[in-house]
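Chemist: Input structure: work-v7.cif, which contains mmCIF, C-alpha atoms.
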data_work
loop_
_atom_site.label_atom_id
_atom_site.label_comp_id
_atom_site.auth_asym_id
_atom_site.auth_seq_id
_atom_site.Cartn_x
_atom_site.Cartn_y
_atom_site.Cartn_z
CA MET K 1 0.00 0.00 0.00
CA LYS K 2 2.91 2.36 0.67
CA ILE K 3 4.24 1.70 -2.84
CA LEU K 4 0.79 2.35 -4.32
CA ASP K 5 0.48 5.57 -2.32
CA PHE K 6 3.90 6.71 -3.55
CA LEU K 7 2.96 5.94 -7.17
CA GLU K 8 -0.30 7.86 -6.89
CA LYS K 9 1.44 10.89 -5.40
CA SER K 10 4.09 10.71 -8.12
CA ILE K 11 1.36 10.72 -10.80
CA ALA K 12 -0.25 13.71 -9.07
CA VAL K 13 3.00 15.70 -9.06
CA ILE K 14 3.74 14.78 -12.69
CA GLY K 15 0.24 15.96 -13.66
CA ILE K 16 0.66 19.25 -11.80
CA ILE K 17 3.97 19.88 -13.55
CA ALA K 18 2.55 18.90 -16.97
CA PHE K 19 -0.51 21.14 -16.59
CA GLY K 20 1.55 24.06 -15.26
CA GLY K 21 1.76 25.89 -18.60
CA SER K 22 5.50 25.38 -18.99
CA VAL K 23 7.71 24.66 -21.99
CA LEU K 24 8.88 21.38 -20.43
CA PRO K 25 6.54 19.16 -22.53
CA LEU K 26 8.06 20.68 -25.68
CA MET K 27 11.64 20.40 -24.42
CA LEU K 28 11.15 16.78 -23.33
CA THR K 29 9.87 15.83 -26.79
CA GLY K 30 12.62 17.63 -28.70
CA GLY K 31 10.49 20.59 -29.78
CA ASP K 32 11.37 24.28 -29.90
CA PRO K 33 10.49 25.84 -26.51
CA LEU K 34 10.11 29.23 -28.19
CA ALA K 35 7.63 27.96 -30.79
CA GLY K 36 4.87 27.15 -28.33
CA ASP K 37 3.49 24.27 -30.40
CA LEU K 38 1.65 22.31 -27.71
CA GLU K 39 -0.16 20.20 -30.32
CA SER K 40 2.93 18.72 -31.94
CA ALA K 41 3.08 14.95 -32.30
CA GLY K 42 5.60 14.55 -29.49
CA VAL K 43 3.62 16.64 -26.99
CA THR K 44 0.43 14.80 -27.93
CA VAL K 45 2.12 11.45 -27.20
CA LEU K 46 3.47 12.81 -23.90
CA TYR K 47 0.04 13.91 -22.73
CA GLY K 48 -1.41 10.64 -23.96
CA GLY K 49 1.00 8.82 -21.65
CA LEU K 50 -0.14 11.05 -18.77
CA TYR K 51 -3.77 10.18 -19.54
CA VAL K 52 -2.91 6.49 -19.30
CA LEU K 53 -1.24 7.04 -15.92
CA VAL K 54 -4.29 8.93 -14.61
CA LEU K 55 -6.64 6.18 -15.85
CA ALA K 56 -4.44 3.56 -14.19
CA ALA K 57 -4.48 5.47 -10.89
CA ILE K 58 -8.27 5.76 -11.06
CA ALA K 59 -8.68 2.07 -11.95
CA LEU K 60 -6.73 1.11 -8.83
CA ARG K 61 -9.45 2.77 -6.72
CA PRO K 62 -12.81 1.50 -8.02
CA ALA K 63 -14.73 3.40 -5.36
CA ILE K 64 -13.28 6.68 -6.66
CA ALA K 65 -13.87 5.65 -10.28
CA PHE K 66 -17.61 5.35 -9.65
CA GLN K 67 -17.70 8.70 -7.80
CA ILE K 68 -16.05 10.78 -10.55
CA PRO K 69 -19.12 11.22 -12.84
CA PHE K 70 -21.22 12.34 -9.86
CA ALA K 71 -18.61 14.47 -8.06
CA SER K 72 -20.02 17.68 -9.57
CA PRO K 73 -23.09 17.76 -11.86
CA ALA K 74 -21.98 21.12 -13.32
CA LEU K 75 -18.51 19.84 -14.22
CA THR K 76 -19.94 16.65 -15.74
CA ALA K 77 -22.38 18.73 -17.80
CA MET K 78 -19.52 20.93 -19.03
CA MET K 79 -17.45 17.94 -20.15
CA ALA K 80 -20.44 16.44 -21.98
CA PHE K 81 -21.40 19.76 -23.59
CA ALA K 82 -17.84 20.35 -24.83
CA PHE K 83 -18.10 17.11 -26.85
CA LEU K 84 -21.62 18.03 -27.98
CA THR K 85 -20.42 21.32 -29.50
CA ALA K 86 -18.59 19.27 -32.15
CA LEU K 87 -21.98 18.96 -33.86
CA TRP K 88 -21.93 22.66 -34.83
CA SER K 89 -18.23 23.43 -34.43
CA LEU K 90 -16.31 25.33 -37.12
CA PHE K 91 -13.70 22.55 -36.93
CA PRO K 92 -15.32 19.37 -35.50
CA ASP K 93 -12.08 17.36 -35.46
CA VAL K 94 -10.30 20.10 -33.49
CA THR K 95 -13.19 20.33 -31.02
CA LEU K 96 -13.24 16.56 -30.44
CA ARG K 97 -9.50 16.36 -29.94
CA ARG K 98 -9.38 19.30 -27.54
CA SER K 99 -12.51 18.12 -25.71
CA ILE K 100 -10.61 14.94 -24.84
CA ALA K 101 -7.82 17.10 -23.37
CA PHE K 102 -10.42 19.11 -21.41
CA LEU K 103 -12.02 15.87 -20.18
CA PHE K 104 -8.76 14.52 -18.77
CA THR K 105 -7.81 17.87 -17.26
CA THR K 106 -11.10 17.97 -15.38
CA VAL K 107 -10.96 14.29 -14.41
CA PHE K 108 -7.43 14.79 -13.07
CA GLY K 109 -8.69 17.58 -10.80
CA ILE K 110 -11.65 15.49 -9.61
CA TRP K 111 -9.34 12.54 -8.90
CA LEU K 112 -7.03 14.73 -6.82
CA ALA K 113 -9.98 16.09 -4.85
CA LEU K 114 -11.43 12.64 -4.12
CA ARG K 115 -8.25 10.65 -3.59
CA PHE K 116 -6.18 12.76 -1.19
CA ARG K 117 -6.79 14.56 2.06
CA PHE K 118 -6.80 18.32 1.65
CA PRO K 119 -3.42 19.00 3.35
CA GLU K 120 -1.92 16.35 1.08
CA ILE K 121 -3.33 18.14 -1.97
CA MET K 122 -1.73 21.39 -0.83
CA ARG K 123 1.62 19.69 -0.29
CA LEU K 124 1.47 18.00 -3.70
CA MET K 125 0.75 21.37 -5.31
CA VAL K 126 3.70 22.91 -3.47
CA VAL K 127 6.03 20.12 -4.67
CA GLY K 128 4.93 20.40 -8.32
CA LEU K 129 4.79 24.20 -8.55
CA SER K 130 7.99 24.67 -6.53
CA PHE K 131 9.74 22.40 -9.02
CA LEU K 132 8.58 24.68 -11.84
CA MET K 133 9.70 27.73 -9.84
CA PHE K 134 13.24 26.42 -9.30
CA VAL K 135 13.51 25.35 -12.94
CA SER K 136 12.38 28.88 -13.83
CA PHE K 137 15.22 30.42 -11.84
CA PHE K 138 17.62 28.04 -13.57
CA MET K 139 16.28 29.05 -17.00
CA ILE K 140 16.51 32.75 -16.18
CA PHE K 141 20.20 32.63 -15.31
CA ALA K 142 21.48 29.62 -17.29
CA MET K 143 19.26 29.82 -20.41
CA PRO K 144 18.13 33.46 -20.71
CA THR K 145 16.91 32.98 -24.29
CA ILE K 146 14.13 30.86 -22.78
CA GLY K 147 13.87 32.33 -19.28
CA LEU K 148 13.66 36.01 -20.26
CA ASP K 149 11.03 37.62 -22.47
CA SER K 150 12.56 38.96 -25.66
CA ALA K 151 9.41 40.02 -27.47
CA GLN K 152 6.78 42.40 -26.08
CA HIS K 153 8.07 42.70 -22.49
CA VAL K 154 11.81 42.61 -23.03
CA GLY K 155 13.74 41.46 -19.97
CA ALA K 156 10.70 40.25 -17.98
CA TRP K 157 11.30 37.00 -16.12
CA LYS K 158 9.09 34.24 -17.52
CA GLY K 159 11.25 31.32 -16.52
CA VAL K 160 10.11 27.93 -17.74
CA PHE K 161 6.67 29.23 -18.70
CA PHE K 162 5.46 30.34 -22.13
CA GLN K 163 4.54 33.85 -21.10
CA LYS K 164 5.08 36.14 -18.11
CA ASN K 165 1.38 36.22 -17.18
CA VAL K 166 1.39 32.42 -16.98
CA THR K 167 4.38 32.72 -14.65
CA GLY K 168 2.39 35.11 -12.47
CA ARG K 169 -0.69 32.88 -12.31
CA MET K 170 1.22 29.71 -11.42
CA MET K 171 3.10 31.53 -8.67
CA VAL K 172 -0.23 32.84 -7.31
CA TRP K 173 -1.40 29.25 -6.81
CA LEU K 174 1.92 28.36 -5.19
CA VAL K 175 1.66 31.34 -2.81
CA LEU K 176 -1.92 30.42 -1.91
CA ALA K 177 -0.98 26.80 -1.11
CA LEU K 178 2.02 27.90 0.95
CA VAL K 179 0.03 30.51 2.88
CA TRP K 180 -2.63 27.88 3.69
CA LEU K 181 -0.03 25.35 4.90
CA ASP K 182 1.71 28.02 6.98
CA TRP K 183 -1.63 29.23 8.39
CA GLN K 184 -2.66 25.72 9.42
CA LYS K 185 0.84 24.73 10.56
CA GLU K 186 0.79 21.77 8.15
CA MET K 187 4.33 22.53 7.01
CA GLY K 188 7.32 24.04 8.77
CA ARG K 189 7.59 27.81 8.55
CA TRP K 190 11.33 27.47 7.90
CA LEU K 191 10.23 26.05 4.52
CA THR K 192 6.99 27.83 3.64
CA ARG K 193 8.14 31.41 4.20
CA PRO K 194 11.35 31.28 2.10
CA LEU K 195 9.32 29.64 -0.69
CA ILE K 196 6.71 32.42 -0.46
CA LEU K 197 9.46 35.04 -0.78
CA LEU K 198 10.94 33.28 -3.83
CA ALA K 199 7.51 32.99 -5.48
CA MET K 200 6.78 36.68 -4.83
CA LEU K 201 10.21 37.60 -6.26
CA LEU K 202 9.39 35.71 -9.45
CA ILE K 203 6.00 37.44 -9.68
CA VAL K 204 7.54 40.90 -9.25
CA MET K 205 10.35 40.27 -11.74
CA SER K 206 7.93 38.83 -14.28
CA ARG K 207 6.20 42.24 -14.31
CA SER K 208 2.86 40.50 -14.06
CA GLY K 209 0.65 43.17 -12.53
CA THR K 210 -2.30 40.79 -12.47
CA GLY K 211 -0.23 38.15 -10.69
CA LEU K 212 1.00 40.62 -8.07
CA VAL K 213 -2.46 41.99 -7.29
CA THR K 214 -4.01 38.51 -7.28
CA SER K 215 -1.37 37.05 -4.94
CA VAL K 216 -2.12 39.77 -2.40
CA LEU K 217 -5.87 39.33 -2.94
CA VAL K 218 -5.88 35.56 -2.32
CA SER K 219 -3.71 35.88 0.79
CA VAL K 220 -5.98 38.55 2.25
CA ALA K 221 -9.13 36.64 1.29
CA LEU K 222 -7.79 33.47 2.90
CA LEU K 223 -6.56 34.98 6.15
CA SER K 224 -9.52 37.37 6.55
CA THR K 225 -11.86 34.40 6.89
CA THR K 226 -10.57 33.97 10.44
CA MET K 227 -12.48 37.16 11.25
CA LEU K 228 -15.73 35.66 9.95
CA ARG K 229 -16.03 33.28 12.87
CA GLY K 230 -17.45 33.96 16.27
CA SER K 231 -20.59 35.79 17.32
CA ILE K 232 -22.53 38.31 15.26
CA ARG K 233 -21.06 41.07 17.41
CA ASN K 234 -17.63 40.31 15.90
CA PHE K 235 -18.89 39.35 12.46
CA ALA K 236 -20.95 42.47 11.72
CA PRO K 237 -18.16 45.05 12.31
CA THR K 238 -15.71 42.94 10.29
CA MET K 239 -18.07 42.72 7.32
CA ALA K 240 -18.80 46.44 7.55
CA LEU K 241 -15.06 47.18 7.46
CA LEU K 242 -14.46 44.85 4.50
CA LEU K 243 -17.36 46.35 2.55
CA ALA K 244 -16.12 49.87 3.30
CA LEU K 245 -12.65 48.94 2.02
CA LEU K 246 -14.20 47.41 -1.11
CA VAL K 247 -16.20 50.59 -1.79
CA ILE K 248 -13.08 52.73 -1.31
CA MET K 249 -11.06 50.51 -3.67
CA VAL K 250 -13.75 50.52 -6.38
CA THR K 251 -14.21 54.29 -6.09
CA ALA K 252 -10.47 54.95 -6.21
CA GLY K 253 -10.06 52.58 -9.15
CA ALA K 254 -12.87 54.28 -11.09
CA THR K 255 -11.47 57.74 -10.35
CA PHE K 256 -7.78 57.05 -10.93
CA TRP K 257 -8.09 54.17 -13.38
CA TYR K 258 -5.44 55.53 -15.74
CA ASP K 259 -2.87 55.83 -12.93
CA VAL K 260 -3.73 52.35 -11.68
CA LEU K 261 -3.24 50.85 -15.14
CA TYR K 262 0.06 52.70 -15.54
CA ALA K 263 1.27 51.43 -12.16
CA LEU K 264 0.42 47.86 -13.24
CA GLY K 265 2.28 48.28 -16.50
CA ARG K 266 -0.86 48.54 -18.61
CA ASP K 267 -2.05 51.13 -21.09
CA PRO K 268 -5.70 52.31 -21.42
CA THR K 269 -6.30 49.71 -24.13
CA LEU K 270 -5.04 46.93 -21.78
CA THR K 271 -2.26 46.10 -24.24
CA GLY K 272 -4.65 46.05 -27.18
CA ARG K 273 -7.32 43.99 -25.43
CA THR K 274 -10.10 46.53 -25.98
CA VAL K 275 -9.68 46.27 -29.77
CA LEU K 276 -9.73 42.49 -29.52
CA TRP K 277 -12.77 42.48 -27.25
CA GLU K 278 -14.73 44.70 -29.62
CA HIS K 279 -14.20 42.15 -32.39
CA ILE K 280 -15.12 39.23 -30.12
CA VAL K 281 -18.32 40.85 -28.85
CA HIS K 282 -19.49 41.11 -32.45
CA SER K 283 -18.68 37.41 -33.00
CA VAL K 284 -20.48 36.41 -29.79
CA SER K 285 -23.64 38.21 -30.93
CA GLU K 286 -23.79 35.92 -33.97
CA ARG K 287 -23.72 32.68 -31.92
CA PRO K 288 -24.67 33.61 -28.36
CA LEU K 289 -26.31 30.39 -27.19
CA GLN K 290 -24.14 27.52 -28.40
CA GLY K 291 -20.83 29.21 -29.28
CA TYR K 292 -18.47 28.24 -32.08
CA GLY K 293 -17.46 24.84 -30.73
CA TYR K 294 -15.02 24.10 -27.93
CA ALA K 295 -11.57 25.61 -28.71
CA ALA K 296 -12.45 26.06 -32.40
CA TYR K 297 -12.70 29.86 -32.76
CA TRP K 298 -8.94 30.49 -32.97
CA SER K 299 -8.09 27.38 -34.96
CA GLY K 300 -6.63 27.71 -38.45
CA PHE K 301 -6.20 30.79 -40.60
CA ASN K 302 -9.69 30.89 -42.11
CA GLY K 303 -11.83 31.23 -38.99
CA PRO K 304 -13.45 34.39 -37.60
CA GLY K 305 -10.44 35.08 -35.37
CA SER K 306 -7.86 34.45 -38.11
CA SER K 307 -6.88 38.10 -38.54
CA PHE K 308 -5.74 38.34 -34.92
CA THR K 309 -4.12 34.90 -35.03
CA ARG K 310 -2.22 35.70 -38.24
CA ASP K 311 -1.22 39.31 -37.54
CA TRP K 312 -0.88 39.41 -33.73
CA GLY K 313 -0.31 35.76 -32.85
CA ILE K 314 -3.33 35.84 -30.52
CA THR K 315 -4.97 32.49 -29.73
CA SER K 316 -7.34 33.46 -26.92
CA ALA K 317 -9.81 36.20 -26.03
CA HIS K 318 -7.76 37.35 -23.01
CA SER K 319 -11.01 37.37 -21.08
CA GLY K 320 -12.36 34.38 -19.24
CA TRP K 321 -15.99 35.18 -19.94
CA LEU K 322 -15.60 36.07 -23.62
CA GLU K 323 -13.47 33.00 -24.30
CA LEU K 324 -16.03 30.81 -22.55
CA THR K 325 -18.86 32.27 -24.62
CA LEU K 326 -16.93 31.66 -27.84
CA ASP K 327 -16.30 28.03 -26.86
CA LEU K 328 -19.49 26.93 -25.11
CA GLY K 329 -21.92 29.83 -25.52
CA LEU K 330 -24.28 30.99 -22.80
CA VAL K 331 -24.76 27.37 -21.72
CA GLY K 332 -21.12 27.22 -20.70
CA VAL K 333 -21.35 30.61 -19.00
CA VAL K 334 -24.27 29.42 -16.86
CA LEU K 335 -22.40 26.26 -15.84
CA VAL K 336 -19.28 28.23 -14.88
CA VAL K 337 -21.40 30.71 -12.91
CA ILE K 338 -22.73 27.72 -10.93
CA VAL K 339 -19.19 26.46 -10.29
CA LEU K 340 -17.82 29.90 -9.40
CA GLY K 341 -20.89 30.75 -7.31
CA ARG K 342 -20.39 27.62 -5.24
CA MET K 343 -16.78 28.57 -4.55
CA LEU K 344 -17.69 32.12 -3.54
CA PHE K 345 -20.95 31.69 -1.64
CA GLN K 346 -20.70 28.17 -0.24
CA GLY K 347 -17.02 28.74 0.45
CA PHE K 348 -17.80 31.95 2.34
CA PHE K 349 -20.59 30.53 4.49
CA ALA K 350 -18.79 27.22 5.07
CA ALA K 351 -15.75 29.21 6.24
CA ARG K 352 -18.02 30.85 8.82
CA TYR K 353 -20.33 28.02 9.86
CA GLY K 354 -18.92 24.74 8.49
CA ASN K 355 -16.84 22.04 10.12
CA SER K 356 -13.93 22.21 7.63
CA ARG K 357 -13.50 25.95 7.74
CA PRO K 358 -9.85 26.24 6.58
CA GLU K 359 -10.57 24.15 3.51
CA ALA K 360 -13.65 26.20 2.65
CA ALA K 361 -11.62 29.38 3.14
CA TRP K 362 -9.14 28.14 0.52
CA ALA K 363 -11.97 27.46 -1.94
CA PHE K 364 -13.34 30.96 -1.32
CA ALA K 365 -9.89 32.46 -2.01
CA VAL K 366 -9.65 30.44 -5.25
CA GLY K 367 -13.03 31.81 -6.34
CA CYS K 368 -11.88 35.38 -5.63
CA ALA K 369 -8.68 34.80 -7.64
CA LEU K 370 -10.49 33.32 -10.64
CA LEU K 371 -13.03 36.13 -10.63
CA ALA K 372 -10.26 38.75 -10.58
CA VAL K 373 -8.05 37.10 -13.21
CA SER K 374 -10.96 36.30 -15.56
CA VAL K 375 -11.33 40.00 -16.38
CA SER K 376 -8.18 40.02 -18.51
CA GLU K 377 -7.18 36.36 -18.91
CA SER K 378 -8.84 33.17 -20.19
CA VAL K 379 -8.98 30.88 -17.16
CA PHE K 380 -12.28 28.98 -17.45
CA ALA K 381 -12.70 25.51 -18.98
CA GLU K 382 -9.05 25.41 -20.06
CA ARG K 383 -7.41 22.21 -21.21
CA HIS K 384 -4.02 21.21 -19.76
CA SER K 385 -4.22 24.07 -17.28
CA MET K 386 -3.66 24.22 -13.53
CA ASN K 387 -6.14 27.10 -13.40
CA TRP K 388 -8.95 24.71 -14.23
CA VAL K 389 -7.51 21.84 -12.18
CA ILE K 390 -7.51 24.07 -9.08
CA ALA K 391 -11.05 25.30 -9.79
CA THR K 392 -12.15 21.66 -10.10
CA ILE K 393 -10.49 20.70 -6.81
CA ALA K 394 -12.16 23.62 -5.01
CA VAL K 395 -15.70 22.91 -6.19
CA VAL K 396 -15.48 19.11 -5.72
CA ARG K 397 -14.13 19.47 -2.17
CA LEU K 398 -16.98 21.84 -1.31
CA ILE K 399 -19.55 19.42 -2.71
CA GLN K 400 -17.99 16.54 -0.77
CA GLN K 401 -18.12 18.63 2.40
CA SER K 402 -21.77 19.44 1.80
CA ARG K 403 -22.67 15.80 1.17
CA TRP K 404 -20.74 14.63 4.22
CA GLN K 405 -22.44 17.26 6.38
CA ARG K 406 -25.87 16.14 5.15
CA LEU K 407 -24.94 12.53 5.91
CA LEU K 408 -23.88 13.50 9.44
CA ASN K 409 -27.09 15.47 9.93
CA ASP K 410 -29.19 12.52 8.70
CA ARG K 411 -27.36 10.15 11.04
CA ALA K 412 -27.81 12.54 13.96
CA ALA K 413 -31.53 12.84 13.17
CA GLU K 414 -31.85 9.06 12.91
CA GLN K 415 -30.07 8.56 16.24
CA HIS K 416 -32.29 11.17 17.85
CA ARG K 417 -35.37 9.40 16.50
CA LEU K 418 -34.14 6.04 17.78
CA ARG K 419 -33.40 7.46 21.23
CA ARG K 420 -36.81 9.05 21.38
CA ASN K 421 -38.52 5.80 20.35
CA THR K 422 -36.43 3.92 22.92
CA MET K 423 -37.45 6.33 25.66
CA VAL K 424 -41.10 6.01 24.67
CA GLY K 425 -40.73 2.22 24.65
CA VAL K 426 -39.10 2.25 28.09
CA ALA K 427 -41.83 4.52 29.44
CA SER K 428 -44.50 2.22 28.01
CA ALA K 429 -42.82 -0.88 29.41
CA SER K 430 -42.50 0.67 32.87
CA GLY K 431 -46.11 1.88 32.85
CA PRO K 432 -47.45 -0.88 35.21
CA ALA K 433 -44.90 0.09 37.86
CA TYR K 434 -46.59 3.44 38.17
CA GLY K 435 -50.14 2.51 37.31
CA SER K 436 -52.63 -0.15 38.21
CA PRO K 437 -52.48 -3.67 36.83
CA TYR K 438 -56.26 -3.49 36.48
CA PRO K 439 -57.77 -1.78 33.48
CA GLY K 440 -59.93 1.24 34.16
CA THR K 441 -58.17 2.10 37.43
CA TYR K 442 -55.48 4.64 38.35
CA ALA K 443 -52.97 3.83 41.08
CA GLY K 444 -52.63 7.45 42.08
CA ASN K 445 -56.34 7.49 42.80
CA GLY K 446 -56.18 4.69 45.35
CA GLY K 447 -57.05 2.08 42.75
CA ARG K 448 -60.52 3.50 42.31
CA ALA K 449 -62.08 3.36 38.89
CA LEU K 450 -61.93 6.62 36.93
#
In structure tokens, write the structure found in this file.
Modeler:
Amino acid sequence: MKILDFLEKSIAVIGIIAFGGSVLPLMLTGGDPLAGDLESAGVTVLYGGLYVLVLAAIALRPAIAFQIPFASPALTAMMAFAFLTALWSLFPDVTLRRSIAFLFTTVFGIWLALRFRFPEIMRLMVVGLSFLMFVSFFMIFAMPTIGLDSAQHVGAWKGVFFQKNVTGRMMVWLVLALVWLDWQKEMGRWLTRPLILLAMLLIVMSRSGTGLVTSVLVSVALLSTTMLRGSIRNFAPTMALLLALLVIMVTAGATFWYDVLYALGRDPTLTGRTVLWEHIVHSVSERPLQGYGYAAYWSGFNGPGSSFTRDWGITSAHSGWLELTLDLGLVGVVLVVIVLGRMLFQGFFAARYGNSRPEAAWAFAVGCALLAVSVSESVFAERHSMNWVIATIAVVRLIQQSRWQRLLNDRAAEQHRLRRNTMVGVASASGPAYGSPYPGTYAGNGGRAL
């Protein structure tokens, strides 16, 4: 069993590294790490091998295998709908192939959530993402042609990742896992705090404004949940303070938006995003309900997004919600709203009232991060992406908590009912000791008939 446990954890770490958005799959298969061709034959074979490992790990635990389709109805519906969009996709073969990748990405996240205890999941994430972080530092200093950006953001540290914003996002998830482990004392502070400093250094040097803001946001969201507990006398002032800070931040951002963008290294067009979004909104209006087929809009040089793909090298909407609408239409948007809403609302209330409050607090912080990043980056329903793996883990763990709590409540109610019936039975059985053995009489009345 120890060997099996080690193998399963090894598969988990390999999956985290593979889905981390790095150039390692290309380098391991002899491809050009600067080309970014994640659909080359070698990379496809590599991911196919990972799929086999995940299937083998699931097959070794039949109980988990039967739970996966029912772990989250919304996630299952999204996987099924992604395949269904091949019926009207611009490129059906592309949609089917990429839907398989999306399926295994989601299943990998569900397997992690069901197989391991939550502290183990956090430690596995730290191992995998820390590996990518240290390889990034190696690339930056030993192989600067790969580790440093030489195109749009010259000199920015991107490490082993394809782009500096990917570097920022992966380090955000590493910081969140480390902060949780440090908060719960599940890992020595002599290890967590230096790793947090290294991750923050990589975020700052990558010049990822979104990553920097999000890393602070998730840490504050996670640690502030400790103030949600206790009586209403403590809860109400805390919520009032948080809401006041939110209003101040929104007002300041709306008033000084240009200065804020400049401080984050952005221009008023969000590095050309507004022009891109205007084009995409027009495309969305033509197919609002069903979309263009999963991952088909940017495929090839003849599709509706070909001008941006050919001239700018853009292969995504740089907006989580617009990309989702292009892929899965409003149906996909509704399903993601359900998933994200569970993380935000159930995570918030479970962090205040639930039994597994630290775990719910982490899910709430993940929801806050995804909501913030989705404004300018495509993070929903991604294939081969830790963004989606982490979202899957968060929602499945919350659902499992909810089901377990209902089971405990049902057992408690059943035990209460049995105790009550037992007490009634005892009272009935002891009735003659207090009454009269003769019908129609009452012992307390001297045995006289009533």
Chemist: Atom CA of K:Lys158 and atom CA of K:Gly42, how far apart in Å?
Modeler: 23.3 Å
Chemist: What do you get, as a short mmCIF file (atom, residue, chain, number, x, y, z; two decimals) with C-alpha atoms, keeping the file's coordinate frame, if you spell out every residue that the PyMOL selection byres ((chain K and resi 218) around 10) selects here?
Modeler:
data_model
loop_
_atom_site.label_atom_id
_atom_site.label_comp_id
_atom_site.auth_asym_id
_atom_site.auth_seq_id
_atom_site.Cartn_x
_atom_site.Cartn_y
_atom_site.Cartn_z
CA VAL K 172 -0.23 32.84 -7.31
CA TRP K 173 -1.40 29.25 -6.81
CA VAL K 175 1.66 31.34 -2.81
CA LEU K 176 -1.92 30.42 -1.91
CA VAL K 179 0.03 30.51 2.88
CA VAL K 213 -2.46 41.99 -7.29
CA THR K 214 -4.01 38.51 -7.28
CA SER K 215 -1.37 37.05 -4.94
CA VAL K 216 -2.12 39.77 -2.40
CA LEU K 217 -5.87 39.33 -2.94
CA SER K 219 -3.71 35.88 0.79
CA VAL K 220 -5.98 38.55 2.25
CA ALA K 221 -9.13 36.64 1.29
CA LEU K 222 -7.79 33.47 2.90
CA LEU K 223 -6.56 34.98 6.15
CA SER K 224 -9.52 37.37 6.55
CA TRP K 362 -9.14 28.14 0.52
CA PHE K 364 -13.34 30.96 -1.32
CA ALA K 365 -9.89 32.46 -2.01
CA VAL K 366 -9.65 30.44 -5.25
CA GLY K 367 -13.03 31.81 -6.34
CA CYS K 368 -11.88 35.38 -5.63
CA ALA K 369 -8.68 34.80 -7.64
CA LEU K 370 -10.49 33.32 -10.64
CA ALA K 372 -10.26 38.75 -10.58
#
Chemist: Evaluate the PyMOL selection byres ((chain K and resi 378) around 10) and record the selected residues as a list in words, following the chain and residue labels used in the document.
Modeler: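 On the file shown, the PyMOL selection byres ((chain K and resi 378) around 10) covers Ser316, Ala317, His318, Ser319, Gly320, Trp321, Leu322, Glu323, Leu324, Leu370, Val373, Ser374, Val375, Ser376, Glu377, Val379, Phe380, Ala381, Glu382 and Asn387 of chain K.
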Chemist: Excluding K:Pro144 and any residue of its chain fewer than 5 positions from it, enumerate the residues within 9 Å of it, using only C-alpha atoms, and give them as a PyMOL selection string.
Modeler: chain K and resi 138-139+149+157+159
Chemist: Can you work out the spacing between atom CA of K:Glu278 and atom CA of K:Trp298 in Å, to one decimal?
Modeler: 15.7 Å
